[in-house]
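What follows is the content of model_21.cif (mmCIF, C-alpha atoms).
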```cif
data_final
#
loop_
_atom_site.label_atom_id
_atom_site.label_comp_id
_atom_site.auth_asym_id
_atom_site.auth_seq_id
_atom_site.Cartn_x
_atom_site.Cartn_y
_atom_site.Cartn_z
CA MET A 1 0.00 0.00 0.00
CA ALA A 2 2.85 2.37 0.77
CA SER A 3 4.30 1.80 -2.71
CA LEU A 4 0.92 2.25 -4.41
CA ALA A 5 0.59 5.63 -2.68
CA ARG A 6 3.76 6.78 -4.44
CA LEU A 7 2.04 6.79 -7.84
CA PRO A 8 1.20 10.29 -9.08
CA GLY A 9 -2.20 11.45 -7.89
CA VAL A 10 -2.62 8.46 -5.63
CA GLY A 11 -2.79 9.16 -1.92
CA GLU A 12 -3.18 6.84 1.03
CA ARG A 13 -6.96 6.58 0.64
CA THR A 14 -6.84 5.63 -3.05
CA ALA A 15 -3.98 3.21 -2.37
CA THR A 16 -6.12 1.53 0.29
CA ARG A 17 -9.02 1.33 -2.16
CA TYR A 18 -6.76 -0.32 -4.76
CA ALA A 19 -5.42 -2.78 -2.20
CA PHE A 20 -8.91 -3.76 -0.95
CA PHE A 21 -10.05 -4.15 -4.57
CA LEU A 22 -7.15 -6.49 -5.34
CA LEU A 23 -7.77 -8.47 -2.14
CA ALA A 24 -11.39 -8.96 -3.17
CA GLN A 25 -10.40 -10.38 -6.58
CA ALA A 26 -8.80 -13.70 -7.40
CA PRO A 27 -5.13 -13.78 -6.36
CA THR A 28 -4.10 -14.15 -10.03
CA LEU A 29 -4.93 -10.50 -10.80
CA ALA A 30 -2.52 -9.15 -8.16
CA ALA A 31 0.09 -11.68 -9.25
CA GLU A 32 -0.25 -10.68 -12.92
CA LEU A 33 -0.10 -6.99 -12.11
CA GLY A 34 2.95 -7.54 -9.93
CA GLU A 35 4.68 -9.48 -12.65
CA SER A 36 4.08 -6.88 -15.37
CA LEU A 37 5.28 -4.11 -13.08
CA SER A 38 8.44 -6.05 -12.15
CA GLY A 39 9.15 -6.66 -15.82
CA LEU A 40 8.41 -3.06 -16.90
CA HIS A 41 11.97 -1.86 -17.06
CA THR A 42 13.24 -4.92 -18.82
CA ALA A 43 10.32 -5.14 -21.28
CA VAL A 44 10.03 -1.46 -22.24
CA ARG A 45 13.05 0.34 -23.59
CA HIS A 46 13.85 3.08 -26.05
CA CYS A 47 13.81 2.36 -29.77
CA ALA A 48 17.41 2.17 -31.00
CA GLN A 49 16.50 4.29 -34.00
CA CYS A 50 14.03 6.99 -32.93
CA HIS A 51 14.10 6.78 -29.09
CA ASN A 52 10.34 6.22 -28.89
CA LEU A 53 9.21 3.62 -26.33
CA ALA A 54 9.64 0.11 -27.70
CA THR A 55 9.23 -3.46 -26.58
CA ALA A 56 11.86 -4.65 -29.05
CA GLU A 57 15.07 -3.26 -30.51
CA ARG A 58 12.96 -0.94 -32.69
CA CYS A 59 9.56 0.60 -31.95
CA GLU A 60 6.34 -0.29 -33.73
CA LEU A 61 6.37 2.89 -35.77
CA CYS A 62 9.92 2.31 -37.06
CA LEU A 63 9.08 -1.32 -37.89
CA ASP A 64 5.85 -0.46 -39.76
CA PRO A 65 6.63 -0.92 -43.47
CA ARG A 66 3.69 1.30 -44.49
CA ARG A 67 5.37 4.36 -42.98
CA ASP A 68 7.52 6.68 -45.07
CA ALA A 69 11.09 6.49 -43.73
CA SER A 70 12.23 9.43 -45.84
CA ARG A 71 10.44 11.92 -43.58
CA LEU A 72 11.35 12.53 -39.97
CA CYS A 73 9.33 14.42 -37.40
CA VAL A 74 11.48 15.66 -34.52
CA VAL A 75 9.62 15.95 -31.19
CA GLU A 76 10.63 16.84 -27.64
CA GLY A 77 9.09 13.87 -25.94
CA LEU A 78 6.53 11.10 -26.03
CA PRO A 79 3.40 13.20 -25.31
CA GLU A 80 4.18 15.31 -28.40
CA LEU A 81 4.76 12.19 -30.51
CA ILE A 82 1.38 10.85 -29.41
CA ALA A 83 -0.31 14.21 -30.11
CA ILE A 84 1.02 14.37 -33.66
CA GLU A 85 0.32 10.70 -34.28
CA ARG A 86 -3.28 11.28 -33.23
CA THR A 87 -3.80 13.93 -35.94
CA GLY A 88 -3.22 11.30 -38.63
CA GLU A 89 -1.46 13.94 -40.72
CA PHE A 90 2.02 12.45 -40.50
CA ASN A 91 2.97 9.08 -41.90
CA GLY A 92 6.75 9.21 -41.59
CA HIS A 93 9.16 8.27 -38.83
CA TYR A 94 9.80 10.17 -35.61
CA HIS A 95 12.88 11.21 -33.70
CA VAL A 96 12.41 11.86 -29.99
CA LEU A 97 14.94 14.34 -28.56
CA HIS A 98 13.99 13.58 -24.94
CA GLY A 99 14.27 17.21 -23.92
CA THR A 100 14.80 20.76 -25.10
CA LEU A 101 17.70 23.14 -24.85
CA SER A 102 17.39 25.17 -21.68
CA PRO A 103 20.36 27.26 -20.58
CA VAL A 104 18.39 28.29 -17.48
CA ARG A 105 18.05 24.69 -16.34
CA GLY A 106 21.54 23.85 -17.58
CA ILE A 107 20.37 21.60 -20.42
CA GLY A 108 22.73 21.80 -23.37
CA PRO A 109 22.79 20.05 -26.76
CA GLU A 110 24.70 17.08 -25.31
CA ALA A 111 21.62 16.12 -23.24
CA LEU A 112 19.50 15.66 -26.38
CA LYS A 113 19.41 12.76 -28.84
CA LEU A 114 21.10 14.83 -31.52
CA PRO A 115 24.05 12.71 -32.72
CA SER A 116 21.70 9.87 -33.68
CA LEU A 117 19.45 12.35 -35.54
CA LEU A 118 22.32 13.66 -37.64
CA GLU A 119 23.47 10.10 -38.23
CA ARG A 120 20.01 9.02 -39.42
CA VAL A 121 19.69 11.98 -41.78
CA THR A 122 23.18 11.40 -43.19
CA ALA A 123 23.02 7.61 -43.49
CA GLN A 124 19.42 7.15 -44.65
CA SER A 125 17.71 8.80 -47.56
CA VAL A 126 15.83 11.38 -45.49
CA THR A 127 14.34 14.15 -47.64
CA GLU A 128 12.47 16.19 -45.05
CA VAL A 129 12.85 16.86 -41.33
CA ILE A 130 9.85 18.49 -39.63
CA LEU A 131 10.82 20.23 -36.40
CA ALA A 132 7.79 19.73 -34.19
CA THR A 133 9.10 21.06 -30.90
CA ASN A 134 6.68 23.13 -28.83
CA ALA A 135 5.94 26.76 -29.72
CA ASP A 136 7.38 28.06 -26.43
CA VAL A 137 10.76 29.74 -25.96
CA GLU A 138 12.72 26.54 -25.33
CA GLY A 139 11.01 24.67 -28.16
CA GLU A 140 11.68 27.50 -30.61
CA ALA A 141 15.33 27.75 -29.55
CA THR A 142 15.76 24.00 -29.93
CA ALA A 143 14.16 24.06 -33.39
CA MET A 144 16.49 26.86 -34.50
CA TYR A 145 19.53 25.01 -33.14
CA VAL A 146 18.61 21.73 -34.84
CA ALA A 147 17.77 23.56 -38.08
CA ARG A 148 21.27 25.07 -38.09
CA LEU A 149 22.83 21.63 -37.66
CA LEU A 150 20.67 20.16 -40.43
CA HIS A 151 21.32 22.98 -42.87
CA ARG A 152 24.96 21.88 -42.96
CA LEU A 153 23.88 18.55 -44.41
CA PRO A 154 23.10 18.60 -48.10
CA GLN A 155 19.72 17.76 -49.67
CA VAL A 156 17.43 17.72 -46.65
CA ALA A 157 14.45 20.05 -46.42
CA VAL A 158 13.88 21.42 -42.93
CA SER A 159 10.44 22.64 -41.90
CA ARG A 160 8.63 23.81 -38.80
CA LEU A 161 5.02 23.39 -37.67
CA ALA A 162 2.87 26.37 -38.62
CA THR A 163 2.32 28.97 -35.92
CA GLY A 164 -0.87 31.00 -36.02
CA VAL A 165 -4.45 31.42 -34.94
CA PRO A 166 -5.80 28.13 -33.54
CA MET A 167 -8.75 26.63 -35.39
CA GLY A 168 -12.09 27.99 -34.24
CA GLY A 169 -10.22 30.96 -32.82
CA ASP A 170 -11.74 34.43 -32.60
CA LEU A 171 -9.14 37.08 -33.47
CA GLU A 172 -10.46 39.26 -30.69
CA PHE A 173 -9.29 36.75 -28.09
CA VAL A 174 -6.07 35.49 -29.65
CA ASP A 175 -2.94 36.78 -27.92
CA GLN A 176 -1.11 39.61 -29.64
CA GLY A 177 2.09 37.65 -30.35
CA THR A 178 0.23 34.84 -32.08
CA LEU A 179 -1.87 37.25 -34.12
CA ALA A 180 1.23 39.19 -35.18
CA ARG A 181 2.79 35.92 -36.26
CA ALA A 182 -0.36 34.92 -38.14
CA VAL A 183 -0.27 38.19 -40.09
CA ARG A 184 3.44 37.77 -40.88
CA ASP A 185 3.13 34.10 -41.87
CA ARG A 186 -0.07 34.59 -43.89
CA ARG A 187 -0.41 32.14 -46.73
CA ALA A 188 -1.47 32.75 -50.29
CA LEU A 189 -4.94 31.50 -51.26
CA MET B 1 -31.99 55.58 -14.30
CA ALA B 2 -34.23 53.29 -16.33
CA SER B 3 -32.26 54.14 -19.48
CA LEU B 4 -28.88 53.65 -17.73
CA ALA B 5 -30.01 50.17 -16.71
CA ARG B 6 -30.39 49.25 -20.37
CA LEU B 7 -26.62 49.41 -20.94
CA PRO B 8 -25.04 45.94 -21.21
CA GLY B 9 -24.00 44.57 -17.84
CA VAL B 10 -25.69 47.41 -15.97
CA GLY B 11 -28.59 46.45 -13.75
CA GLU B 12 -30.82 48.58 -11.57
CA ARG B 13 -28.29 48.73 -8.71
CA THR B 14 -25.41 49.89 -10.86
CA ALA B 15 -27.68 52.36 -12.63
CA THR B 16 -28.66 53.79 -9.28
CA ARG B 17 -24.99 54.06 -8.30
CA TYR B 18 -24.23 55.94 -11.53
CA ALA B 19 -27.16 58.28 -10.97
CA PHE B 20 -26.19 59.05 -7.36
CA PHE B 21 -22.60 59.62 -8.48
CA LEU B 22 -23.70 62.11 -11.15
CA LEU B 23 -26.02 63.86 -8.67
CA ALA B 24 -23.09 64.29 -6.26
CA GLN B 25 -20.94 65.93 -8.96
CA ALA B 26 -21.28 69.38 -10.49
CA PRO B 27 -24.25 69.51 -12.90
CA THR B 28 -21.86 70.16 -15.82
CA LEU B 29 -20.66 66.53 -15.83
CA ALA B 30 -24.14 65.12 -16.35
CA ALA B 31 -24.85 67.81 -18.95
CA GLU B 32 -21.65 67.05 -20.87
CA LEU B 33 -22.27 63.31 -20.76
CA GLY B 34 -25.84 63.85 -21.93
CA GLU B 35 -24.67 66.03 -24.79
CA SER B 36 -22.04 63.58 -26.06
CA LEU B 37 -24.52 60.73 -25.89
CA SER B 38 -27.15 62.72 -27.79
CA GLY B 39 -24.60 63.59 -30.44
CA LEU B 40 -23.19 60.06 -30.69
CA HIS B 41 -25.11 58.97 -33.76
CA THR B 42 -24.53 62.19 -35.63
CA ALA B 43 -20.83 62.43 -34.71
CA VAL B 44 -19.80 58.82 -35.26
CA ARG B 45 -20.48 57.17 -38.57
CA HIS B 46 -18.97 54.57 -40.82
CA CYS B 47 -15.99 55.45 -42.99
CA ALA B 48 -17.21 55.81 -46.59
CA GLN B 49 -14.21 53.81 -47.78
CA CYS B 50 -13.51 50.99 -45.28
CA HIS B 51 -16.62 51.02 -43.02
CA ASN B 52 -14.52 51.48 -39.88
CA LEU B 53 -15.92 53.92 -37.32
CA ALA B 54 -15.17 57.50 -38.32
CA THR B 55 -15.90 61.02 -37.14
CA ALA B 56 -15.54 62.39 -40.67
CA GLU B 57 -16.29 61.15 -44.19
CA ARG B 58 -13.24 58.87 -43.94
CA CYS B 59 -11.72 57.21 -40.85
CA GLU B 60 -8.37 58.12 -39.33
CA LEU B 61 -6.70 55.02 -40.74
CA CYS B 62 -7.84 55.74 -44.30
CA LEU B 63 -6.76 59.39 -43.97
CA ASP B 64 -3.29 58.55 -42.58
CA PRO B 65 -0.83 59.20 -45.43
CA ARG B 66 1.82 56.96 -43.81
CA ARG B 67 -0.32 53.88 -44.36
CA ASP B 68 0.07 51.71 -47.44
CA ALA B 69 -3.15 51.93 -49.46
CA SER B 70 -2.09 49.11 -51.78
CA ARG B 71 -2.76 46.47 -49.11
CA LEU B 72 -6.16 45.71 -47.67
CA CYS B 73 -6.93 43.65 -44.61
CA VAL B 74 -10.51 42.33 -44.62
CA VAL B 75 -12.02 41.86 -41.15
CA GLU B 76 -15.43 40.81 -39.84
CA GLY B 77 -15.91 43.67 -37.44
CA LEU B 78 -14.36 46.38 -35.35
CA PRO B 79 -12.99 44.18 -32.51
CA GLU B 80 -10.97 42.23 -35.11
CA LEU B 81 -9.70 45.45 -36.70
CA ILE B 82 -8.56 46.66 -33.28
CA ALA B 83 -6.88 43.30 -32.51
CA ILE B 84 -4.87 43.34 -35.73
CA GLU B 85 -4.04 47.01 -35.39
CA ARG B 86 -2.67 46.30 -31.91
CA THR B 87 -0.15 43.78 -33.26
CA GLY B 88 1.60 46.54 -35.20
CA GLU B 89 2.23 44.02 -38.00
CA PHE B 90 -0.07 45.61 -40.56
CA ASN B 91 0.37 49.05 -42.01
CA GLY B 92 -2.16 48.99 -44.82
CA HIS B 93 -5.84 49.85 -45.04
CA TYR B 94 -8.75 47.83 -43.70
CA HIS B 95 -12.10 46.77 -45.03
CA VAL B 96 -14.76 45.94 -42.46
CA LEU B 97 -17.38 43.45 -43.71
CA HIS B 98 -19.69 44.04 -40.73
CA GLY B 99 -20.60 40.36 -40.50
CA THR B 100 -19.89 36.89 -41.80
CA LEU B 101 -21.79 34.57 -44.06
CA SER B 102 -24.07 32.39 -41.99
CA PRO B 103 -26.70 30.32 -43.79
CA VAL B 104 -27.95 29.10 -40.41
CA ARG B 105 -28.73 32.63 -39.28
CA GLY B 106 -29.86 33.63 -42.75
CA ILE B 107 -26.96 35.98 -43.43
CA GLY B 108 -26.03 35.95 -47.10
CA PRO B 109 -23.42 37.85 -49.13
CA GLU B 110 -25.79 40.79 -49.64
CA ALA B 111 -25.60 41.58 -45.91
CA LEU B 112 -21.82 42.14 -46.08
CA LYS B 113 -19.90 45.15 -47.36
CA LEU B 114 -18.73 43.25 -50.42
CA PRO B 115 -19.60 45.51 -53.38
CA SER B 116 -17.47 48.32 -51.96
CA LEU B 117 -14.59 45.88 -51.42
CA LEU B 118 -14.63 44.74 -55.05
CA GLU B 119 -14.93 48.36 -56.15
CA ARG B 120 -11.91 49.39 -54.07
CA VAL B 121 -9.79 46.54 -55.38
CA THR B 122 -10.78 47.28 -58.97
CA ALA B 123 -10.52 51.07 -58.86
CA GLN B 124 -7.44 51.51 -56.68
CA SER B 125 -4.05 49.94 -57.16
CA VAL B 126 -4.51 47.23 -54.53
CA THR B 127 -1.83 44.52 -54.76
CA GLU B 128 -2.73 42.32 -51.80
CA VAL B 129 -5.88 41.48 -49.88
CA ILE B 130 -5.39 39.70 -46.55
CA LEU B 131 -8.50 37.84 -45.45
CA ALA B 132 -8.45 38.17 -41.67
CA THR B 133 -11.82 36.71 -40.80
CA ASN B 134 -11.96 34.49 -37.71
CA ALA B 135 -10.71 30.89 -37.84
CA ASP B 136 -14.16 29.46 -37.04
CA VAL B 137 -16.54 27.85 -39.53
CA GLU B 138 -18.31 31.07 -40.56
CA GLY B 139 -15.06 33.02 -40.82
CA GLU B 140 -13.45 30.32 -42.97
CA ALA B 141 -16.50 30.10 -45.24
CA THR B 142 -16.55 33.89 -45.63
CA ALA B 143 -12.84 33.95 -46.47
CA MET B 144 -13.30 31.26 -49.11
CA TYR B 145 -16.26 33.11 -50.62
CA VAL B 146 -14.43 36.45 -50.76
CA ALA B 147 -11.31 34.75 -52.16
CA ARG B 148 -13.37 33.34 -55.01
CA LEU B 149 -14.74 36.79 -55.84
CA LEU B 150 -11.26 38.34 -55.71
CA HIS B 151 -9.64 35.65 -57.85
CA ARG B 152 -11.82 36.84 -60.73
CA LEU B 153 -10.08 40.21 -60.59
CA PRO B 154 -6.67 40.32 -62.21
CA GLN B 155 -3.39 41.10 -60.45
CA VAL B 156 -4.43 40.97 -56.80
CA ALA B 157 -2.74 38.57 -54.39
CA VAL B 158 -5.13 37.02 -51.88
CA SER B 159 -3.84 35.68 -48.57
CA ARG B 160 -5.18 34.33 -45.33
CA LEU B 161 -3.92 34.61 -41.75
CA ALA B 162 -1.76 31.63 -40.76
CA THR B 163 -3.52 28.89 -38.81
CA GLY B 164 -1.46 26.79 -36.43
CA VAL B 165 -0.12 26.24 -32.95
CA PRO B 166 -0.50 29.43 -30.88
CA MET B 167 2.72 30.94 -29.59
CA GLY B 168 3.85 29.46 -26.29
CA GLY B 169 1.67 26.47 -27.07
CA ASP B 170 2.48 22.96 -25.89
CA LEU B 171 1.66 20.41 -28.62
CA GLU B 172 0.30 18.08 -25.98
CA PHE B 173 -2.53 20.50 -25.21
CA VAL B 174 -3.27 21.89 -28.66
CA ASP B 175 -6.51 20.59 -30.17
CA GLN B 176 -6.19 17.89 -32.79
CA GLY B 177 -7.59 19.94 -35.68
CA THR B 178 -5.17 22.80 -35.11
CA LEU B 179 -2.22 20.44 -34.78
CA ALA B 180 -3.21 18.62 -37.99
CA ARG B 181 -3.38 21.97 -39.73
CA ALA B 182 0.01 22.99 -38.31
CA VAL B 183 1.56 19.82 -39.73
CA ARG B 184 -0.07 20.37 -43.14
CA ASP B 185 0.82 24.07 -43.30
CA ARG B 186 4.39 23.60 -42.02
CA ARG B 187 6.79 26.18 -43.35
CA ALA B 188 10.30 25.70 -44.67
CA LEU B 189 13.12 26.91 -42.44
#
```
If you convert what's in this file into structure tokens, what do you get?
Amino acid sequence: MASLARLPGVGERTATRYAFFLLAQAPTLAAELGESLSGLHTAVRHCAQCHNLATAERCELCLDPRRDASRLCVVEGLPELIAIERTGEFNGHYHVLHGTLSPVRGIGPEALKLPSLLERVTAQSVTEVILATNADVEGEATAMYVARLLHRLPQVAVSRLATGVPMGGDLEFVDQGTLARAVRDRRAL
Amino acid sequence: MASLARLPGVGERTATRYAFFLLAQAPTLAAELGESLSGLHTAVRHCAQCHNLATAERCELCLDPRRDASRLCVVEGLPELIAIERTGEFNGHYHVLHGTLSPVRGIGPEALKLPSLLERVTAQSVTEVILATNADVEGEATAMYVARLLHRLPQVAVSRLATGVPMGGDLEFVDQGTLARAVRDRRAL
């Protein structure tokens, strides 16, 4: 019960509820749960290619032959990968940086999965790299840094997610910076 | 007091407070206020050129010689004009439609200030029209409709505000439609 209470958002009361629930079920459930949790760190690892979560050497996305390996989408972490995957707009491979540059928090380029990114782009026939880091200060700085690295490599197009008015947005309530950017980045119709 | 209570967000209590405040001041304040309110509809009208609010035949923006008359920004209403003006990113002239197409509410093209827009673009040397309607369904439909009208005229570039991830936005919390659009509309770096 003490270890259950260490899960995020789980306090002593919820932990007790979980424990009583498990006690009321057949002993196999608790045994199964215990086994999967014990095996978690050996079963789940990072994909050797894109650093996504994987249960094998490579993740499911990297192994999927229907996906276009010539396009990479660079994301900060797993929640961003999942968000983009959910849109259904991207059918290429990912590259998870596992962080962003942050001088304030002392996070430099060496903390990010950058060498393997450059290696992938150089070794494989990658034609486009989409920098899909967040639109905040650290995400923008990271995108600019990675873009500079990639521009040194020949024949790879580098792009960035569009910034602008969110869909359904009323201009009256969009923040000034975003609206300014939307005017600057306007697209031809 | 009864007429004060008809202002938006002003109930009987607030109206009473206003009235007592005015009674406690010198009579000139109430007289001045009364006079400006009486004169409101004769003093403020719509600019004959862009339909912005104006105190003369043309509004201050249309009369400002430092503004670029070859670029028009089409907006739904005054709040949107003010929002874009506040960004400082646009130095051209505006055109206020005073509405959006809305079949549901029975608002068709004839309700919008469209003839004067086409006239301006045809008669003056307008090189670009930025369609800055809102990013909601009605705003998008209006933009598409106006774009079609403008495409019939020669030599005018038609553009639309960028849609995408708002600045400072975390991809994890951006809605799916906006993120999909941001991926599709990604820009080269």
Contact table chain A vs chain B, cut-off 8 Å, shortest pair per residue, only C-alpha atoms, as a tab-separated table:
```
residue	atom	partner	partner_atom	distance
A:Pro79	CA	B:Glu172	CA	5.8
A:Glu80	CA	B:Glu172	CA	5.3
A:Ala83	CA	B:Glu172	CA	5.7
A:Ile84	CA	B:Leu179	CA	7.0
A:Arg86	CA	B:Gln176	CA	7.2
A:Thr87	CA	B:Ala180	CA	5.2
A:Gly88	CA	B:Ala180	CA	7.3
A:Glu89	CA	B:Ala180	CA	5.7
A:Phe90	CA	B:Val183	CA	7.4
A:Ile130	CA	B:Arg186	CA	7.9
A:Thr133	CA	B:Leu171	CA	7.8
A:Asn134	CA	B:Asp170	CA	5.1
A:Ala135	CA	B:Gly168	CA	4.8
A:Asp136	CA	B:Gly168	CA	3.8
A:Val137	CA	B:Gly168	CA	6.9
A:Ala147	CA	B:Leu189	CA	7.2
A:Ala157	CA	B:Ala188	CA	7.2
A:Val158	CA	B:Leu189	CA	5.6
A:Ser159	CA	B:Ala188	CA	4.1
A:Arg160	CA	B:Arg186	CA	5.3
A:Leu161	CA	B:Arg186	CA	4.4
A:Ala162	CA	B:Ala182	CA	4.4
A:Thr163	CA	B:Gly164	CA	4.4
A:Gly164	CA	B:Gly164	CA	4.3
A:Val165	CA	B:Thr163	CA	4.7
A:Pro166	CA	B:Gly164	CA	5.4
A:Met167	CA	B:Thr178	CA	5.3
A:Gly168	CA	B:Asp136	CA	3.8
A:Gly169	CA	B:Ala135	CA	5.0
A:Asp170	CA	B:Asn134	CA	5.1
A:Leu171	CA	B:Glu80	CA	5.7
A:Glu172	CA	B:Glu80	CA	5.3
A:Gln176	CA	B:Thr87	CA	5.6
A:Gly177	CA	B:Met167	CA	6.8
A:Thr178	CA	B:Met167	CA	5.3
A:Leu179	CA	B:Thr87	CA	6.8
A:Ala180	CA	B:Thr87	CA	5.2
A:Arg181	CA	B:Ala162	CA	7.7
A:Ala182	CA	B:Ala162	CA	4.4
A:Val183	CA	B:Leu161	CA	5.4
A:Arg184	CA	B:Glu89	CA	7.0
A:Asp185	CA	B:Ala162	CA	5.6
A:Arg186	CA	B:Leu161	CA	4.4
A:Arg187	CA	B:Ser159	CA	5.3
A:Ala188	CA	B:Ser159	CA	4.1
A:Leu189	CA	B:Ser159	CA	5.1
```
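Residues with any atom within 9 Å of stretch 112-120 of chain A, counting only C-alpha atoms and excluding same-chain neighbours fewer than 6 positions away, are Gln49, Cys50, His51, Val74, His95, Val96, Leu97, His98, Gly99, Thr100, Leu101, Val126, Val146, Leu149, Leu150 and Leu153 of chain A.
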Put those residues in a file: C-alpha atoms, as a PDB file, in the frame of the given file.
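Listing of selection_37.pdb after writing:
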```pdb
ATOM      1  CA  GLN A  49      16.500   4.290 -34.000  1.00  0.00           C
ATOM      2  CA  CYS A  50      14.030   6.990 -32.930  1.00  0.00           C
ATOM      3  CA  HIS A  51      14.100   6.780 -29.090  1.00  0.00           C
ATOM      4  CA  VAL A  74      11.480  15.660 -34.520  1.00  0.00           C
ATOM      5  CA  HIS A  95      12.880  11.210 -33.700  1.00  0.00           C
ATOM      6  CA  VAL A  96      12.410  11.860 -29.990  1.00  0.00           C
ATOM      7  CA  LEU A  97      14.940  14.340 -28.560  1.00  0.00           C
ATOM      8  CA  HIS A  98      13.990  13.580 -24.940  1.00  0.00           C
ATOM      9  CA  GLY A  99      14.270  17.210 -23.920  1.00  0.00           C
ATOM     10  CA  THR A 100      14.800  20.760 -25.100  1.00  0.00           C
ATOM     11  CA  LEU A 101      17.700  23.140 -24.850  1.00  0.00           C
ATOM     12  CA  VAL A 126      15.830  11.380 -45.490  1.00  0.00           C
ATOM     13  CA  VAL A 146      18.610  21.730 -34.840  1.00  0.00           C
ATOM     14  CA  LEU A 149      22.830  21.630 -37.660  1.00  0.00           C
ATOM     15  CA  LEU A 150      20.670  20.160 -40.430  1.00  0.00           C
ATOM     16  CA  LEU A 153      23.880  18.550 -44.410  1.00  0.00           C
TER      17      LEU A 153
END
```
Computed gap from atom CA of A:Asp68 to atom CA of A:Gln124 is 11.9 Å
Item to complete: For stretch 15-20 of chain B, list every protein, DNA or RNA residue within 9 Å, evaluated using all atoms listed in the file, and leave out those in the same chain fewer than 3 positions away; present the list as a list in words.
Response: Met1, Ala2, Ser3, Leu4, Ala5, Arg6, Leu7, Val10, Gly11, Glu12, Leu23, Ala24 and Gln25 of chain B
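Atom CA of A:Leu53 is found 24.9 Å from atom CA of A:Arg105.
Coordinates place atom CA of A:Arg67 at a distance of 25.8 Å from atom CA of A:Thr142.
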List the residues selected by the PyMOL selection byres ((chain A and resi 92) around 7) in the file shown, writing them as a short mmCIF file (atom, residue, chain, number, x, y, z; two decimals) with C-alpha atoms, in the frame of the given file.
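Below is the file result38.cif, written as the result:
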```cif
data_model
loop_
_atom_site.label_atom_id
_atom_site.label_comp_id
_atom_site.auth_asym_id
_atom_site.auth_seq_id
_atom_site.Cartn_x
_atom_site.Cartn_y
_atom_site.Cartn_z
CA ARG A 67 5.37 4.36 -42.98
CA ASP A 68 7.52 6.68 -45.07
CA ALA A 69 11.09 6.49 -43.73
CA SER A 70 12.23 9.43 -45.84
CA ARG A 71 10.44 11.92 -43.58
CA LEU A 72 11.35 12.53 -39.97
CA PHE A 90 2.02 12.45 -40.50
CA ASN A 91 2.97 9.08 -41.90
CA HIS A 93 9.16 8.27 -38.83
CA TYR A 94 9.80 10.17 -35.61
#
```
